[in-house]
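A short write-up of the structure that comes next.
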Amino acid sequence: MKPLSYHLIGVEARYSCRSGIALAIDDLALRNGQLNLVAGLNGSGKSTLLNVLAFLVQPTQGIVEFSGKFIAWERAELRELRRCVTLVHQDPFLFRGSVASNVSYGAKARGIRGCALQERVRECLELVGLPGFESRNAKRLSGGEARRVALARALACNPEVVLLDEPLAYVDELSTKIIERLLVALVDRGVLLVVSSHDATLGRRLKGRTIRLREGRLVQHPERPATYAAKSLESSAHAIV
Amino acid sequence: MESFAQSVRTAFALIFSADREVYAAVWTSVSTAGWSTVIASLIGIPTGMTIGVSDFPLKRLSVILLNSLMAMPTVVVGLLVFGLLSRQGMLGSFGLLFTPKAIILGQSVLATPIIANYALAAVRAADVRILPTALTLGAGPLQSFAQLSNEIRFGIMAAVIAGFGRVISEVGVAMMLGGNIRGYTRTMTTAIALETSKGEFAFGLALGMVLMLISFTINIGLSFMQERRHE
């Protein structure tokens with residue numbers, strides 16, 4: 001069995017004292033090299049779950065374990081944990097400046113500099129199908145391009161866990177295929193992927209494990225080990241790039 | 001008193017002949033306003049940004065207080081700082097009263113809430129995704145704060161310009177704390193007030209024109225920053 005990355009036990013999250021429960025998870029285990037699709041309607045807690053997994057939202061109660069360690073939600077600890085995980089938001093924000101400065105941001109925060117940094121930026125842009133985009137203005141990209149740059153920026157951090165909030169919403173067919181091929185490749189590299197999506201067919205296409213949420217609670221939690229091959233998808237995607 | 005047209009001609013002559021007294025007042029104004037803007041920016045920008053990004057129990061009260069301080073009359077600021085710097089005051093032993101340093105101190109107090117409020121407004125207008133994006137990419141609190149500053153830099157520059165505009169044109173603080181000493185603490189505004197009361201209308205007008213030119217340049221800069229901020 002693959003090593004355990006996250007273990008959430010009795011986790012409950014609220015955004016304020018007066019608001020209702022945004023997330024209530026009794027028991028959820030996520031393993032390295034898994035592709036997990038979080039499905040549910042608007043307001044079902046998908047984004048809250050991703051924010052908890054990204055260590056951006058502290059649960060109001062419950063236990064979160066990461067790589068077998070109990071998370072105390074202390075500032076110094078959180079900074080280290082956030083370096084293992086990257087979250088790509090549904091509508092990702094690109095910083096002012098060039099595509100290269102955006103893609104290199106996380107890698108720079110990890111102390112990577114010089115030629116190694118340039119090489120990593122180039123590689124990641126190639127992975128998302130945007131070679132030669134380094135000097136482009138990040139604020140002048142199309143929606144699909146911006147999303148792929150955000151993905152490249154996440155990949156440049158070389159994370160153990162990649163969290164994607166609706167990565168395929170409002171993207172064209174080409175971008176969809178490139179992103180789906182990347183997701184499969186990442187899982188093959190042993191990265192834990194957690195992807196929230198409204199698209200019910202995405203789970204079938206990528207053959208990942210589906211976690212269904214309704215009003216913040218788990219509805220369906222299949223225990224069967226996930227299969228990630230998605231070979232037909234991979235071969236079709238290879239033809240694109 | 002000369003006719004208005006004659007006064008304008010004399011005023012231009014004073015400006016273009018590099019009149020020593022005119023330029024001394026201009027220099028005192030610009031240097032004291034410059035230093036006080038630097039000090040107020042160092043305090044006001046982090047204060048406004050911190051209030052903007054953090055969530056704490058007295059946040060609402062802090063914002064109300066900042067807004068109230070922004071509207072504080074210059075003579076009241078002058079009076080309070082005068083109390084501190086006078087012989088019996090807490091800082092009386094430093095002998096700062098009626099020196100350019102006293103003007104700088106008073107003007108810093110005046111500009112800090114203005115700059116803090118502008119910085120707060122810039123943070124509030126900024127995209128809410130900036131900080132979470134920086135954090136999830138592994139940036140620490142200081143790095144993410146620096147990234148936020150970079151994203152709202154035009155708003156921050158507008159804050160600094162607004163602060164400078166406020167202090168260069170004020171008269172109350174400079175008069176009360178500087179004492180309007182010729183060639184030492186006499187600023188453009190205090191010189192205008194004094195010379196006009198003495199009947200030296202052309203001299204006041206010359207300084208008024210320089211002040212207007214500076215204010216006009218500041219406003220052009222401010223408008224430019226506001227436009228860039230909304231791009």
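Labeling convention for the structure tokens: chains A, B, ... as they appear, residues from 1 per chain, ligands from 1 in order of appearance.
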
Output the contact residues of chain A with respect to chain B at a cut-off of 9 Å, based on only C-alpha atoms, as an MDAnalysis selection string. chainID A and resid 54:56 79:89 92:96 105:107 109:110 153:154 157

What are the closest atom pairs, with distances in Å to one decimal, for all residues of stretch 114-179 of chain B lying within 8 Å of stretch 217-224 of chain B? Consider only C-alpha atoms, order rows by chain and residue number, and present the result as JSON lines.
{"residue": "B:Ala158", "atom": "CA", "partner": "B:Leu222", "partner_atom": "CA", "distance": 5.4}
{"residue": "B:Ile161", "atom": "CA", "partner": "B:Leu222", "partner_atom": "CA", "distance": 6.3}
{"residue": "B:Ala162", "atom": "CA", "partner": "B:Leu222", "partner_atom": "CA", "distance": 7.2}
{"residue": "B:Gly165", "atom": "CA", "partner": "B:Ile218", "partner_atom": "CA", "distance": 6.5}

Running DSSP on the backbone, which parts of stretch 73-224 of chain A land in helix (DSSP H, G or I), as a PyMOL selection string? chain A and resi 75-82+99-103+105-109+114-127+138-140+143-155+173-188+200-206

Using only C-alpha atoms, which residues sit within 12 Å of A:Phe66 once same-chain residues fewer than 6 positions away are excluded, as a ChimeraX atom specification? /A:3-9,28-32,52-55,72-73,77-78,80-82,84-85,160-161,192

Atom CA of B:Gly199 to atom CA of B:Phe4, distance in Å rounded to a single decimal: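 Interatomic distance here is 12.6 Å.
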
Contacts of stretch 25-28 of chain B at 9 Å (only C-alpha atoms; same-chain gap of 6+ positions) as a PyMOL selection string: chain B and resi 100+182-191+207+210-211

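Among A:Ser19, A:Thr210, A:Thr176, A:Asn102, the residue with the shortest atom-to-atom distance to A:Leu125, counting only C-alpha atoms, is A:Asn102.
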
As a list in words, please: the residues near A:Val191 (cut-off 8 Å, only C-alpha atoms, same-chain neighbours under 2 positions excluded). Asn32, Gly33, Gln34, Pro159, Glu160, Val161, Val162, Leu186, Val187, Asp188, Arg189 and Leu193 of chain A

For the residues in the current selection, export C-alpha atoms as a PDB file, in the first residue's frame.
ATOM      1  CA  ASN A  32       0.813   9.427  -2.196  1.00  0.00           C
ATOM      2  CA  GLY A  33       0.475   8.707  -5.884  1.00  0.00           C
ATOM      3  CA  GLN A  34      -3.300   8.849  -5.706  1.00  0.00           C
ATOM      4  CA  PRO A 159       5.449  19.577  -4.537  1.00  0.00           C
ATOM      5  CA  GLU A 160       4.494  16.279  -2.928  1.00  0.00           C
ATOM      6  CA  VAL A 161       0.840  17.241  -3.133  1.00  0.00           C
ATOM      7  CA  VAL A 162      -0.978  19.220  -5.823  1.00  0.00           C
ATOM      8  CA  LEU A 186       1.973  13.696 -11.997  1.00  0.00           C
ATOM      9  CA  VAL A 187       0.257  10.710 -10.394  1.00  0.00           C
ATOM     10  CA  ASP A 188       2.708   8.417 -12.174  1.00  0.00           C
ATOM     11  CA  ARG A 189       5.531  10.445 -10.560  1.00  0.00           C
ATOM     12  CA  LEU A 193      -3.439  14.876  -6.542  1.00  0.00           C
TER      13      LEU A 193
END

For A:Val99: contacts at 7 Å, only C-alpha atoms, fewer than 2 positions along chain excluded, given as a VMD selection string: chain A and resid 97 101 to 103 133 to 138

Output for the residues just chosen: N, CA and C atoms as a short mmCIF file (atom, residue, chain, number, x, y, z; two decimals), in the first residue's frame:
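The new file selection_2.cif reads:
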data_model
loop_
_atom_site.label_atom_id
_atom_site.label_comp_id
_atom_site.auth_asym_id
_atom_site.auth_seq_id
_atom_site.Cartn_x
_atom_site.Cartn_y
_atom_site.Cartn_z
N GLY A 97 3.82 41.15 -13.81
CA GLY A 97 5.15 40.82 -14.33
C GLY A 97 5.06 39.75 -15.40
N SER A 101 8.51 35.22 -14.21
CA SER A 101 8.58 35.64 -12.80
C SER A 101 7.48 34.96 -11.98
N ASN A 102 6.35 34.67 -12.63
CA ASN A 102 5.28 33.95 -11.95
C ASN A 102 5.66 32.50 -11.70
N VAL A 103 6.15 31.86 -12.76
CA VAL A 103 6.45 30.42 -12.65
C VAL A 103 7.59 30.19 -11.65
N PHE A 133 6.99 31.06 -23.54
CA PHE A 133 6.10 32.08 -22.98
C PHE A 133 6.78 32.89 -21.86
N GLU A 134 8.06 32.64 -21.59
CA GLU A 134 8.73 33.23 -20.43
C GLU A 134 8.58 34.75 -20.33
N SER A 135 8.78 35.44 -21.44
CA SER A 135 8.80 36.91 -21.35
C SER A 135 7.42 37.55 -21.56
N ARG A 136 6.39 36.74 -21.76
CA ARG A 136 5.05 37.31 -21.95
C ARG A 136 4.54 37.96 -20.66
N ASN A 137 3.71 38.99 -20.83
CA ASN A 137 3.10 39.65 -19.67
C ASN A 137 2.00 38.73 -19.12
N ALA A 138 2.11 38.39 -17.84
CA ALA A 138 1.16 37.45 -17.24
C ALA A 138 -0.27 37.97 -17.23
#

Show which residues sit within 12 Å of A:Ser16, as a PyMOL selection string. Count only C-alpha atoms, and ignore same-chain residues fewer than 2 positions away. (chain A and resi 13-14+18-22+57-60) or (chain B and resi 55)
